[in-house]
Structure formats: C-alpha cells, structure tokens
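I have placed the structure first, in the form of structure tokens, so that the comments after it can refer back to it.
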2 protein chains.
Amino acid sequence: MSKNEKEKTRLDPWGITEIQDYERLYREFGIKPFKPLLQEIPEPNMFMRRGIIFGHRDFERIVEAIKNNGEFAVLSGIKPTGEFHLGTLMTAREIIYFQKQGAKTFYCVADVEAYEDNNIPLEKSGKIAVGNIADVLALGLDPKKAYIYRQSKEMRVRDFALIFARKVTLATMKAIYGERNIGLYVSALIQAGDILLPQHEDFGGPKPTVVPVGIDQDPHLRFTRDLAQKFRGKYGFVLPSSTYHKLIKGLDGSPKMSKRNPMSYFTLHEPPEMIAKKISNAFTGGRPTVKEQRELGGIPEICSVYAINMFHFMENDEEVIKLYNDCKSGNIICGECKQRTIEIVLRFIRNLEEKRKKFIDKAREILQVE
Amino acid sequence: MSKNEKEKTRLDPWGITEIQDYERLYREFGIKPFKPLLQEIPEPNMFMRRGIIFGHRDFERIVEAIKNNGEFAVLSGIKPTGEFHLGTLMTAREIIYFQKQGAKTFYCVADVEAYEDNNIPLEKSGKIAVGNIADVLALGLDPKKAYIYRQSKEMRVRDFALIFARKVTLATMKAIYGERNIGLYVSALIQAGDILLPQHEDFGGPKPTVVPVGIDQDPHLRFTRDLAQKFRGKYGFVLPSSTYHKLIKGLDGSPKMSKRNPMSYFTLHEPPEMIAKKISNAFTGGRPTVKEQRELGGIPEICSVYAINMFHFMENDEEVIKLYNDCKSGNIICGECKQRTIEIVLRFIRNLEEKRKKFIDKAREILQVE
C-alpha cells in the first residue's frame, strides 16, 4: 500500500494535529486521556467530540458535578496584550460551555502577567481588556453569572499569591520557568491565586474547579495543584481539574500561531481583506496540480485551512466530516475551499463585531476602566 | 605602656562597640561617615552625638531640608514577631526624632515579612502589632502626623512591589539574600515599596526620605536605591537617604542580641524580675576582684551594662561621661552599677507600661484590628 493510499484509508476527520508525545504526557506527567470520559458527559462540546480536547486531570469530579447538579467552578482568562485571536477564542468558548453546564464562572484579565512578561503597563492593559471582555460577552458569556476581574485589582488573588510564596522554593521556580526575573515568578504565583480563587471562602469555599487550557499551559496547572496540596490544611482546597486542548498550527505552516509571525494567525479584529489574504496564502494539504488533486485527493490532516474549520468555524460535525471527505476524494480543491472558509470566517467576524459594539460599555463598567 | 594604661588613656566614652570594618563600609559600599555632618544638624539626637549613628547615605539632603524647613519624610517600621526590644526601641526613637524635626512620618508594620521570614500568619501578627504600635505611641510618636500601616493592607506598597519585580533579576536577589524561597524575595520587594511609599503621588510625590536603620540593614537600602534609580523615569524618585547605627552586643557577651539567645536581650514587657536577672548576670568590663577593680578601674568599652546605658537609658550626655569616668577610675564597681542600671531600666519600663495602656485602643483603631 502506498503512502497516499494509507492516508486515504486512515479516515479520521478528527485525526488532525496529533500530539506525538501523548504517551509521554500520560506516563510522565499524569495527564489522562479524555476519550474514555466522553460518553459520561451529558452534552460534550465540539472540542470534546472532535478530540481537540484530548487530555485532562481529575475531570471525573467535574463530570460528577455536571451529572448530579453539584457545585463546581470554571476559571479561564486572557492576557490583555492585544485583540482576541483563535487561541483566546478557544478558551472563551470552553468557559462559556462550562457556564452553560452550570459552573460558577470566573474570567480573569491577566494584566499582571501582561506587565511582568510583556511589559504592558497596567493602565494600558486595562484599556486593551475592555475590547477583550466585550468579545467574550459577545461570544455568549453571561456577565450576570460570571465573576470577571483584573488580577491587579483582585486582592484575594494577590493575598493568595503572597501566602503561597512562602512555600515555593527557587528550585521549583527555576524548574518550571527557568532563570527569569522575579516579576515572572510573582506573576506565576498570582496565576495560582487565580486558579484557586473560586475556592476562596468569599465564593463559598472549596469546590471542584476546571481550568480549560492548551497543553502548553500544563506547567501552571502542576504548579498550582502542588500549592493546593501544600495549603490544603489551611484552606481545604480541592485540587483543581483541567482539560487540555491541542494547539492549532500556524496558517503559514509554522508549528504554531505566534505574534512573532503575523502570517501565522489573525486576530478577530483585523481588516477583512487582511484575513482573506492570510487564508488565501495559507499552507494546505493540496497537490502540486489541480489534476493530481482531483485524482489523489488532498491531505486535510496537514492542512491549516481544514484545521481552522474544524477547530473553530464549523460548529456542525456533519459539515466537517463532509469537508473532510470532499477533500480526501478530490471533490473540492484548495482554491474553492479557501474561498468558502474566507466567507465563513468573515461572516463570523462581522457578526461578532456587530454584537461586540453593544458590550463595550458593559465591559468598561465591569473592569472599571474609563 | 601596659594594655591597661592604654585603655585608661584612650578616654572616649563614645568609643564603644567600634565597627572594625568602617573602612570597608566606606570604601566598598559607599556609606559615608556621619561625623562630618554632625555640626550641620540643628538638634542632633543622642545617637548622633554619641557616634552610635556613624554612617549615612545622602543624608546631606535631609540636613538641607531640616535647616530650610523643606519637605522630607522618614520611614521606619517593625516586624511584628514579638514585643518591643532594644533594637526596635532604637529605630522608634529615631523616627520620633525625625518627626519632631518636621518629617512626614511613615511607620510600617512589616507583617508580610513576619509571615514570609518567620511564618507568623497575618491574623496573628495583626494582634502582635497592636502592642507594638501602642509602644511607639507611648514613646512619643504623634499619630496625627504619622501614617502607620500594615504592609499586607497597603495596596500602594504592594503595587510598587509588583511594578518593581519586573526589573529584578534572580542574580540580584541571590547576591543580596541568597537562595531563598520566593516569599522572601517578595517580602524584599515589598520592603522596597515601603521605603518609596513616602514618594507616592498620593503622599505628594518625590521627596527626600530618610530611613534610619542598623548597619545590618544596608543591603535593603542598596536594593531599594537601585530600584529607585531604575524607576526614576516613571516616578521621579529621589534616591532614599539612610542613617546607620551600630548594633549593641548581647548582654551575655555574645556578638549580638538575638531571640535565639534569651539571656542576650530583654523585651520591654518581660517580667521585671527577669530583666533584673539578665542585667545582674550581664557580661561587664569588671576585674577579677573588687580590689583590682578599685585599683585599675573597669573597662566600659567592652561592658554590655555600660552599653545599654549609653545606647538607651541615659539621655543626658554628662551622666554617661560621669559613669564612664567613674568606671574607668574604679569609683564605681559592677555590682553597684548593675543595681543602678536595673533601677533605671525598670523605671523606664514601668513608665512605658503605664502610658502604653492608654494607647492600646488607638493602636487597634489605626491597624483596624479587633
């Protein structure tokens, strides 16, 4: 069997951007595969169904809570360094999903991290955050049932960080974050404070909490779970749960979407013509000629255009499966697919833009930014 | 000339507890000798007159401000780990002195440091601080003209710490504090925030500020001056000034008063009989026999009883000079001197205890502790 034939027979529309190191993650870091839990979850979201969320820690607790109407919380956030992009879109949708499943919802503006790590002054990140929060509200987060806050203004988080700091050795910090300025370490401690905030007595004390993150964020989770363990005696913390999603590759074929590489990603508020251009130029699984592609089919598994459809813009699974099959069979070729994707993306963005305007004042009010 | 004769001829009642390393402090660390400034100071306090304050950084600025009625500030504080002792008594008196000279006065309860360094929970140190603040008010600090606060509750200080952290490398921290838990580093940053708080815009912005400390505290000053320099562009900081006092040796002859060594020191609220006992047992400059002492005289330069008189309990210089001469000439021997010292100390302490009671409620109110 040739390589191409193999690709054709391994028909798995969710098999994209495989993490090669699964086994290592499971074995060395104690992350568990998500799939066995899938059937237990009353209403799995599209990331779960499609294997984009592929791993977890202690998510069983969350499943129990959802099934039994038990108390649980979800926390996520955004580093206010710029506009919403596909990465922040993903966590925003995850948190909205858990809110709908009944979670007490916490959404954190990581302005301390934006300062310590990216040198964005707090005054400036406050303004950036207004747009970010308007986005997450436009996407469907219900502000009446969510606690949305800036790290720098949330004293309970900062107090946790102060308390935790005493039991964090330099060796631990260096192992996780390397030799960095103290500000970066302080920011890591504050993030641990964020993750445990839902368990603060002011919010009803200990409870299961899920933190949906990209797999690259796992060190923060391990760090925080370790602190939760150390301060269990004092606060009764339940070790926080997490889900891990795969990371999407860059549009230009680079290993990840990155600000350093503007053609690798787009924000949700770029000029439409720029977005269209980036998608038009995107790296695909196409063949050298149209003729070959009609004959052999494309390779959606390596295609960044297929990826953004599956990760973000096609909410219906059937539609994704159809695109996958059409690509594999040579029914659709790259030019047409890109054109369709551009239309879907721009429609999504126009729609978001429209809704977002209505939430700007609300966002200002929540963040107390002029 | 014999050793004893040399001791007799080198008649300097202020020559006690010499710091052997003066030259090194001056040469390597940029500390300047205090003596040349003495005549410029309108009303030098007893620590200045007696050479107990022996060094400074940029104190000229403070002298100018005092002479010209210019704006300046003083900051000091206490780590609320226990009762007032002779070390905290010294800085309390220094700050009261500068308040009388017209300084905007800041007195900080270092509860974060008490937690990070000594594992005293904030709730507990709040209670300890009530007694400490009552003491400093009883000693004469005017609360109407002073800002007294707990580090953990002072967000401007904590915000400074957060801002400063970004520009502090791990190498700097390790050089000053060694390999410590992150909490200790956080506490050092907060202390820098304390020292620069008088220059916060809420307190009228940049101004000369003096921090009177023991010479062992100089690393904090260097660290903070370095930060003041780094953030000068943003905040316009004037580099903080400092004065350095000598450290008194332990009553038992050990190199310093230390909690680890209960016979080396007493607190201002120990049972009188315990204080009396510690002074009775104190290491002195006496001779093996009374006869010898009458003939040769004592050696006040090495005597811990003479030291506490000179450092703390004899406010009149003439009295100290008389004690010095009486000791040197064999007019007074140790038993009698100790008895007199016990009386002076206990009178001081009874007096303080009496006044302190009246300030407990005020201290609670200031610290907002139940």
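To be explicit about the labels: the chains of the structure tokens are called A, B, and onward in the order shown, and within each one the residues are counted from 1, while ligands get numbers from 1 in the order they are shown.
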Give me, as a list in words, all polymer residues having an atom no more than 8 Å from B:Val369, counting only C-alpha atoms and skipping those fewer than 5 positions away in the same chain.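 Counting only C-alpha atoms, the residues come to Gly126, Lys127, Val130 and Arg364 of chain B.
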Write to file, as an mmCIF file, in the first residue's frame, the residues of the selection just made, with N, CA and C atoms.
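Written file, again_37.cif:
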data_model
loop_
_atom_site.group_PDB
_atom_site.id
_atom_site.type_symbol
_atom_site.label_atom_id
_atom_site.label_comp_id
_atom_site.auth_asym_id
_atom_site.auth_seq_id
_atom_site.Cartn_x
_atom_site.Cartn_y
_atom_site.Cartn_z
ATOM 1 N N GLY B 126 -1.159 40.744 63.157
ATOM 2 C CA GLY B 126 -2.011 41.921 63.367
ATOM 3 C C GLY B 126 -2.190 42.179 64.857
ATOM 4 N N LYS B 127 -2.415 41.102 65.601
ATOM 5 C CA LYS B 127 -2.619 41.244 67.053
ATOM 6 C C LYS B 127 -1.331 41.672 67.754
ATOM 7 N N VAL B 130 -0.598 45.394 67.470
ATOM 8 C CA VAL B 130 -1.335 46.332 68.324
ATOM 9 C C VAL B 130 -0.460 46.771 69.496
ATOM 10 N N ARG B 364 -5.353 49.745 68.023
ATOM 11 C CA ARG B 364 -6.344 48.890 67.357
ATOM 12 C C ARG B 364 -7.050 49.637 66.241
#
Can you list, as a list in words, every protein, DNA or RNA residue that comes within 10 Å of B:Glu83 when you count only C-alpha atoms, leaving out same-chain residues fewer than 5 positions away?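 Answer for this query is Thr88, Ile128, Ala129, Gly131, Asn132, Asp135, Phe266, Thr267, Leu268, His269 and Glu270 of chain B.
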Tell me, counting only C-alpha atoms, for each residue of chain B within 6 Å of chain A, which pair of atoms is nearest and how far apart they are in Å to one decimal, in rows ordered by chain and increasing number, as CSV.
residue,atom,partner,partner_atom,distance
B:Glu116,CA,A:Arg166,CA,5.3
B:Ala165,CA,A:Gly183,CA,4.2
B:Arg166,CA,A:Gly183,CA,4.2
B:Val168,CA,A:Asn181,CA,5.5
B:Thr169,CA,A:Asn181,CA,4.3
B:Leu170,CA,A:Asn181,CA,5.6
B:Asn181,CA,A:Thr169,CA,4.3
B:Ile182,CA,A:Ala165,CA,5.4
B:Gly183,CA,A:Ala165,CA,4.2
Please save C-alpha atoms of the selected residues as a PDB file, in the first residue's frame.
ATOM      1  CA  GLU B 116       7.470  35.108  54.765  1.00  0.00           C
ATOM      2  CA  ALA B 165       9.582  42.950  40.349  1.00  0.00           C
ATOM      3  CA  ARG B 166       9.860  43.096  36.573  1.00  0.00           C
ATOM      4  CA  VAL B 168      14.781  42.483  39.448  1.00  0.00           C
ATOM      5  CA  THR B 169      16.908  39.650  38.219  1.00  0.00           C
ATOM      6  CA  LEU B 170      17.352  36.391  40.017  1.00  0.00           C
ATOM      7  CA  ASN B 181      12.051  30.788  48.904  1.00  0.00           C
ATOM      8  CA  ILE B 182      10.215  33.162  46.599  1.00  0.00           C
ATOM      9  CA  GLY B 183       8.303  34.542  49.570  1.00  0.00           C
TER      10      GLY B 183
END
Sel. of alpha helix (DSSP H) residues, stretch 248-301 of chain A, as number ranges by chain: A: 272-280, 290-296
Would you mind exporting the chosen residues as an mmCIF file, in the first residue's frame, restricted to N, CA and C atoms?
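The result, stored in out_30.cif:
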data_model
loop_
_atom_site.group_PDB
_atom_site.id
_atom_site.type_symbol
_atom_site.label_atom_id
_atom_site.label_comp_id
_atom_site.auth_asym_id
_atom_site.auth_seq_id
_atom_site.Cartn_x
_atom_site.Cartn_y
_atom_site.Cartn_z
ATOM 1 N N PRO A 272 -10.839 42.827 7.179
ATOM 2 C CA PRO A 272 -11.277 41.605 6.489
ATOM 3 C C PRO A 272 -10.359 41.240 5.327
ATOM 4 N N GLU A 273 -9.888 42.237 4.603
ATOM 5 C CA GLU A 273 -9.042 41.920 3.443
ATOM 6 C C GLU A 273 -7.721 41.284 3.886
ATOM 7 N N MET A 274 -7.263 41.659 5.067
ATOM 8 C CA MET A 274 -6.032 41.056 5.585
ATOM 9 C C MET A 274 -6.270 39.594 5.975
ATOM 10 N N ILE A 275 -7.387 39.359 6.608
ATOM 11 C CA ILE A 275 -7.734 37.982 6.975
ATOM 12 C C ILE A 275 -7.870 37.130 5.715
ATOM 13 N N ALA A 276 -8.566 37.678 4.731
ATOM 14 C CA ALA A 276 -8.759 36.949 3.470
ATOM 15 C C ALA A 276 -7.409 36.618 2.845
ATOM 16 N N LYS A 277 -6.514 37.583 2.899
ATOM 17 C CA LYS A 277 -5.196 37.366 2.310
ATOM 18 C C LYS A 277 -4.432 36.249 3.039
ATOM 19 N N LYS A 278 -4.508 36.272 4.360
ATOM 20 C CA LYS A 278 -3.784 35.252 5.135
ATOM 21 C C LYS A 278 -4.338 33.854 4.851
ATOM 22 N N ILE A 279 -5.655 33.768 4.728
ATOM 23 C CA ILE A 279 -6.237 32.449 4.432
ATOM 24 C C ILE A 279 -5.879 32.027 2.999
ATOM 25 N N SER A 280 -5.927 32.997 2.067
ATOM 26 C CA SER A 280 -5.567 32.675 0.674
ATOM 27 C C SER A 280 -4.150 32.126 0.566
ATOM 28 N N VAL A 290 -3.927 20.790 -10.010
ATOM 29 C CA VAL A 290 -5.351 20.514 -9.822
ATOM 30 C C VAL A 290 -5.659 19.090 -10.270
ATOM 31 N N LYS A 291 -5.039 18.714 -11.372
ATOM 32 C CA LYS A 291 -5.297 17.375 -11.923
ATOM 33 C C LYS A 291 -4.961 16.283 -10.904
ATOM 34 N N GLU A 292 -3.756 16.400 -10.359
ATOM 35 C CA GLU A 292 -3.348 15.429 -9.332
ATOM 36 C C GLU A 292 -4.321 15.426 -8.158
ATOM 37 N N GLN A 293 -4.732 16.657 -7.757
ATOM 38 C CA GLN A 293 -5.597 16.732 -6.570
ATOM 39 C C GLN A 293 -6.958 16.082 -6.835
ATOM 40 N N ARG A 294 -7.482 16.276 -8.042
ATOM 41 C CA ARG A 294 -8.753 15.605 -8.404
ATOM 42 C C ARG A 294 -8.591 14.087 -8.342
ATOM 43 N N GLU A 295 -7.431 13.635 -8.772
ATOM 44 C CA GLU A 295 -7.180 12.186 -8.797
ATOM 45 C C GLU A 295 -6.912 11.595 -7.417
ATOM 46 N N LEU A 296 -5.953 12.240 -6.691
ATOM 47 C CA LEU A 296 -5.471 11.652 -5.433
ATOM 48 C C LEU A 296 -6.224 12.163 -4.197
#
So what do you get for atom CA of A:Phe203 versus atom CA of A:Glu154, distance-wise? 13.2 Å
